[in-house]
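Enquirer: Can you read through this structure? Questions will come right after.
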Amino acid sequence: MIARIVFVILLVLFLPQLYLDYYKYRQDKLWVRILHWLSTLAMMGVTVVLAFERDFVPYDMTVMNIYLIVLFLIFVPKAIYVLCSMLGKFARKTFHTRYNWGNAVGLFLGACVVFIVAYGSFIGVRKLDVNRMEISIPDLPEAFDGYRIVVFSDAHVGSFTGWREQLLKRDFDSINAQKPDAIFFVGDLQNMRPIELYPVRAILNSLEARDGVFSVLGNHDYSDYIDDDPAVKAANEREIVNRQRWFGWTPLLNGHVVLKRGATKERLVIAGVECNASRGDLPKVRTDVAKALRGVRPDDCVILLQHDPTNWRLEANADPRVKLTLSGHTHGGQVSLFGFRPTELRFPENYGLYREGDHQLYVTSGIGGLIPFRFGVSPEIAVITLRQMNN
């Protein structure tokens with residue numbers, strides 16, 4: 001991850017320090033100036049080391065999380081201050097003003113960044129929203145009117161280390177407390193490798209629902225983000241599926257199950273598709289809705305589990321049997337400022353409930369993330385009660 005933007009980060013670290021050393025610290029004693037430079041050079045050194053990480057991120061995210069917190073609590077606000085100060089200098093010379101108001105603006109914006117980072121890293125991640133809603137489904141069998149499901153996604157359990165492990169347990173306890181008929185997990189159980197699941201396997205094995213737990217794989221559940229032998233990658237992908245089965249979950253890999261209710265055995269089909277590679281250099285197409293629905297009756301009502309909501313418009317809602325699609329992947333942006341989430345720039349459907357004709361999509365913000373950070377978009381579990389749509 002750092003390798004992709006290493007030169008940008010190095011410039012953000014080096015140039016502001018050079019500016020401050022010349023304009024702010026020039027009159028200080030030499031040892032004071034050296035101390036300022038040492039902290040910057042140390043951070044630059046850590047950046048270079050992390051850039052040589054063979055995988056997308058290290059297996060142990062502790063160092064990465066500390067690095068990012070220090071970067072955004074100290075060095076990014078410093079860079080913002082310097083940029084505003086430079087613009088202020090230009091404005092003062094251009095408009096012949098007495099004060100450099102850029103310094104005040106830079107201090108304010110830098111303080112805002114510090115608040116957002118501190119809140120999102122230590123308070124926002126502790127929250128959990130239990131979002132309850134009713135969704136009316138066309139052609140929903142009468143026996144499934146009132147059927148209760150819990151949807152969660154993007155656990156990224158490798159990031160629930162240390163004190164955060166108790167947050168994962170709380171989330172799973174909250175899921176069980178809803179007494180659902182079925183639980184749907186819509187992808188990204190791990191960050192990089194299945195070994196991350198071992199420390200929390202008792203938590204992952206604790207889910208209970210009347211009809212069971214159904215899951216699909218997310219982009220992080222494949223081996224697209226690790227640099228390893230192809231045989232190791234294939235073994236990892238088999239293990240993540242087998243581990244889910246060991247937990248009592250039912251992975252739906254371009255497949256489906258049929259739930260039956262009532263004396264007449266009314267049917268509700270739960271289908272799930274695999275996730276396409278999300279990195280540009282890995283053009284792997286795994287999603288196959290047609291395969292997942294092979295053998296499904298023309299009059300069946302289908303709920304589709306699909307990690308990435310992008311495919312909803314491309315393929316999923318083209319099939320009249322698919323009435324509701326459940327997705328994750330976006331994390332709701334993890335950040336919302338004045339109602340704007342950065343994922344809105346890439347995903348037309350990035351958080352919440354969407355409808356087009358008889359097709360509906362719910363995108364959950366998930367319970368975790370590769371980087372444990374939330375500001376304005378809390379982790380959530382969605383409790384959905386299915387209702388027959390009145391014609």
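Chain labels run A, B, ... following the order of the structure tokens; each chain numbers its residues from 1, and ligands are numbered from 1 in the order shown.
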Running DSSP on the backbone, which parts of region 209-391 of chain A land in helix (DSSP H, G or I), as a PyMOL selection string?

Expert: chain A and resi 219-221+230-246+289-292+311-314+316-318+331-333+342-345

Enquirer: May I have all residues of region 137-208 of chain A that DSSP, computed from the backbone, assigns to strand (DSSP E), given as number ranges by chain?

Expert: A: 137, 148-152, 182-185

Enquirer: Excluding same-chain residues fewer than 3 positions from region 369-383 of chain A, what lies within 6 Å of it counting only C-alpha atoms, as number ranges by chain?

Expert: A: 120-121, 124-125, 127-132, 149-152, 156, 334-336, 366

Enquirer: List as a PyMOL selection string the protein and nucleic acid residues near Ala277 (chain A), meaning an atom at most 12 Å away when only C-alpha atoms are counted, but skip any in the same chain fewer than 3 places from it.

Expert: chain A and resi 217-225+274+280-287+307-308

Enquirer: Those same residues, written as a CSV table (one decimal), in the first residue's frame with N, CA and C atoms?

Expert:
```csv
chain,number,residue,atom,x,y,z
A,217,LEU,N,-17.3,-14.5,-0.7
A,217,LEU,CA,-15.9,-14.0,-0.5
A,217,LEU,C,-15.8,-12.5,-1.0
A,218,GLY,N,-15.0,-11.7,-0.3
A,218,GLY,CA,-14.7,-10.4,-0.8
A,218,GLY,C,-13.4,-10.4,-1.5
A,219,ASN,N,-13.0,-9.2,-2.0
A,219,ASN,CA,-11.7,-9.1,-2.7
A,219,ASN,C,-10.5,-9.5,-1.8
A,220,HIS,N,-10.6,-9.2,-0.5
A,220,HIS,CA,-9.5,-9.5,0.4
A,220,HIS,C,-9.4,-10.9,0.8
A,221,ASP,N,-10.5,-11.7,0.5
A,221,ASP,CA,-10.5,-13.1,0.8
A,221,ASP,C,-9.8,-14.0,-0.2
A,222,TYR,N,-9.4,-13.3,-1.3
A,222,TYR,CA,-8.5,-14.0,-2.3
A,222,TYR,C,-7.1,-13.7,-2.0
A,223,SER,N,-6.2,-14.0,-3.0
A,223,SER,CA,-4.8,-13.8,-2.8
A,223,SER,C,-4.2,-12.7,-3.7
A,224,ASP,N,-5.1,-11.8,-4.0
A,224,ASP,CA,-4.7,-10.7,-4.9
A,224,ASP,C,-3.7,-9.7,-4.3
A,225,TYR,N,-3.7,-9.7,-3.0
A,225,TYR,CA,-2.9,-8.7,-2.3
A,225,TYR,C,-1.6,-9.2,-1.7
A,274,GLU,N,-19.0,-14.9,-6.5
A,274,GLU,CA,-17.7,-14.6,-6.1
A,274,GLU,C,-17.4,-13.2,-6.5
A,280,GLY,N,-6.4,-3.0,-10.7
A,280,GLY,CA,-6.3,-2.9,-12.2
A,280,GLY,C,-5.3,-3.8,-12.9
A,281,ASP,N,-4.3,-4.3,-12.2
A,281,ASP,CA,-3.3,-5.2,-12.8
A,281,ASP,C,-3.7,-6.7,-12.6
A,282,LEU,N,-4.9,-6.9,-12.1
A,282,LEU,CA,-5.4,-8.3,-11.8
A,282,LEU,C,-6.8,-8.4,-12.4
A,283,PRO,N,-6.9,-8.5,-13.8
A,283,PRO,CA,-8.2,-8.5,-14.4
A,283,PRO,C,-8.9,-9.9,-14.3
A,284,LYS,N,-9.2,-10.3,-13.1
A,284,LYS,CA,-9.8,-11.6,-12.9
A,284,LYS,C,-11.3,-11.4,-12.7
A,285,VAL,N,-12.1,-12.1,-13.6
A,285,VAL,CA,-13.5,-12.0,-13.5
A,285,VAL,C,-14.0,-13.3,-12.9
A,286,ARG,N,-14.5,-13.2,-11.7
A,286,ARG,CA,-15.0,-14.4,-11.0
A,286,ARG,C,-16.5,-14.4,-10.8
A,287,THR,N,-17.1,-13.2,-10.9
A,287,THR,CA,-18.6,-13.1,-10.7
A,287,THR,C,-19.3,-13.8,-11.8
A,307,HIS,N,-20.4,-9.2,-2.9
A,307,HIS,CA,-19.5,-8.3,-2.1
A,307,HIS,C,-19.5,-6.9,-2.7
A,308,ASP,N,-19.2,-6.8,-3.9
A,308,ASP,CA,-19.0,-5.5,-4.6
A,308,ASP,C,-20.3,-5.0,-5.2
```

Enquirer: Could you work out how far CA of Phe7 (chain A) lies from CA of Val49 (chain A), giving the answer in Å with one decimal?

Expert: 12.8 Å

Enquirer: For Asp60 (chain A), find every residue with an atom within 10 Å (counting only C-alpha atoms), except residues of its own chain fewer than 2 positions away, and show them as a compact mmCIF listing (two decimals) with all heavy atoms, in the first residue's frame.

Expert:
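What landed in around15.txt:
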```
# COMPACT_ATOMS: atom_id res chain seq x y z
N VAL A 57 -0.07 -5.01 2.53
CA VAL A 57 0.19 -4.51 3.88
C VAL A 57 0.84 -5.63 4.67
O VAL A 57 0.73 -6.81 4.30
CB VAL A 57 -1.11 -4.06 4.60
CG1 VAL A 57 -1.72 -2.85 3.92
CG2 VAL A 57 -2.11 -5.20 4.70
N PRO A 58 1.53 -5.33 5.78
CA PRO A 58 2.14 -6.39 6.59
C PRO A 58 1.06 -7.26 7.24
O PRO A 58 -0.07 -6.83 7.46
CB PRO A 58 2.93 -5.62 7.66
CG PRO A 58 3.02 -4.22 7.17
CD PRO A 58 1.82 -3.99 6.31
N THR A 62 -0.03 -3.81 13.38
CA THR A 62 0.24 -2.90 14.50
C THR A 62 1.17 -1.77 14.08
O THR A 62 0.88 -0.59 14.32
CB THR A 62 0.87 -3.68 15.68
OG1 THR A 62 -0.01 -4.74 16.06
CG2 THR A 62 1.08 -2.75 16.87
N VAL A 63 2.29 -2.12 13.45
CA VAL A 63 3.25 -1.09 13.04
C VAL A 63 2.62 -0.16 12.01
O VAL A 63 2.79 1.07 12.07
CB VAL A 63 4.52 -1.74 12.48
CG1 VAL A 63 5.45 -0.68 11.87
CG2 VAL A 63 5.26 -2.50 13.56
N MET A 64 1.88 -0.72 11.06
CA MET A 64 1.24 0.09 10.04
C MET A 64 0.24 1.07 10.65
O MET A 64 0.19 2.25 10.27
CB MET A 64 0.52 -0.80 9.02
CG MET A 64 -0.25 -0.04 7.95
SD MET A 64 0.80 0.92 6.83
CE MET A 64 1.44 -0.39 5.80
N ASN A 65 -0.56 0.60 11.61
CA ASN A 65 -1.55 1.48 12.24
C ASN A 65 -0.88 2.61 13.01
O ASN A 65 -1.32 3.77 12.95
CB ASN A 65 -2.45 0.66 13.17
CG ASN A 65 -3.38 -0.26 12.41
OD1 ASN A 65 -3.73 -0.01 11.26
ND2 ASN A 65 -3.79 -1.35 13.04
N GLY A 158 -8.09 -9.31 10.75
CA GLY A 158 -6.68 -9.04 11.01
C GLY A 158 -6.42 -7.68 11.60
O GLY A 158 -5.34 -7.42 12.14
N SER A 159 -7.40 -6.79 11.50
CA SER A 159 -7.27 -5.46 12.10
C SER A 159 -7.86 -5.39 13.50
O SER A 159 -7.71 -4.38 14.19
CB SER A 159 -7.95 -4.41 11.20
OG SER A 159 -7.32 -4.35 9.94
N THR A 161 -7.03 -6.48 16.43
CA THR A 161 -5.99 -6.99 17.32
C THR A 161 -5.96 -6.16 18.59
O THR A 161 -6.47 -5.04 18.63
CB THR A 161 -4.62 -6.96 16.63
OG1 THR A 161 -4.35 -5.60 16.21
CG2 THR A 161 -4.59 -7.86 15.42
N GLU A 196 -4.92 -14.95 9.94
CA GLU A 196 -5.50 -13.90 10.77
C GLU A 196 -6.73 -14.38 11.53
O GLU A 196 -7.10 -13.80 12.57
CB GLU A 196 -5.89 -12.70 9.90
CG GLU A 196 -4.75 -12.09 9.12
CD GLU A 196 -5.25 -11.17 8.00
OE1 GLU A 196 -6.39 -10.69 8.11
OE2 GLU A 196 -4.52 -10.97 7.02
```

Enquirer: Have a look at A:Arg243, A:Arg164, A:Arg148, A:Arg193 and name the one nearest to Asp181 (chain A); count only C-alpha atoms.

Expert: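 Once distances to Asp181 (chain A) are computed over only C-alpha atoms, the minimum belongs to A:Arg148.
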
Enquirer: Which residue gives the smallest distance to Ala202 (chain A) among A:Leu304, A:Trp246, A:Trp163, A:Glu237, with only C-alpha atoms counted?

Expert: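 Selected residue with least distance to Ala202 (chain A): A:Trp246.
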
Enquirer: Got a sec: who's within 12 Å of Ala263 (chain A), counting only C-alpha atoms, leaving out chain neighbours fewer than 4 positions off, as a list in words?

Expert: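 The contact residues come out as Glu142, Ala143 and Arg267 of chain A.
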
Enquirer: Taking all heavy atoms for each residue, export the selection above as a JSON list (two decimals), in the first residue's frame.

Expert:
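Below is the file that was written, part_29.json:
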```json
[["chain", "number", "residue", "atom", "x", "y", "z"],
["A", 142, "GLU", "N", -45.57, -15.80, 0.89],
["A", 142, "GLU", "CA", -46.27, -15.40, 2.11],
["A", 142, "GLU", "C", -45.61, -15.99, 3.35],
["A", 142, "GLU", "O", -45.56, -15.33, 4.40],
["A", 142, "GLU", "CB", -47.73, -15.84, 2.03],
["A", 142, "GLU", "CG", -48.57, -15.40, 3.23],
["A", 142, "GLU", "CD", -50.02, -15.80, 3.10],
["A", 142, "GLU", "OE1", -50.40, -16.38, 2.05],
["A", 142, "GLU", "OE2", -50.78, -15.54, 4.05],
["A", 143, "ALA", "N", -45.10, -17.19, 3.25],
["A", 143, "ALA", "CA", -44.49, -17.84, 4.41],
["A", 143, "ALA", "C", -43.24, -17.11, 4.89],
["A", 143, "ALA", "O", -42.80, -17.30, 6.04],
["A", 143, "ALA", "CB", -44.14, -19.29, 4.08],
["A", 267, "ARG", "N", -40.77, -21.26, -1.30],
["A", 267, "ARG", "CA", -39.33, -21.19, -1.49],
["A", 267, "ARG", "C", -38.81, -19.74, -1.48],
["A", 267, "ARG", "O", -39.42, -18.84, -2.03],
["A", 267, "ARG", "CB", -38.94, -21.83, -2.83],
["A", 267, "ARG", "CG", -39.25, -23.30, -2.93],
["A", 267, "ARG", "CD", -39.35, -23.75, -4.40],
["A", 267, "ARG", "NE", -38.22, -23.34, -5.23],
["A", 267, "ARG", "CZ", -37.19, -24.13, -5.54],
["A", 267, "ARG", "NH1", -37.16, -25.38, -5.09],
["A", 267, "ARG", "NH2", -36.22, -23.69, -6.33]]
```
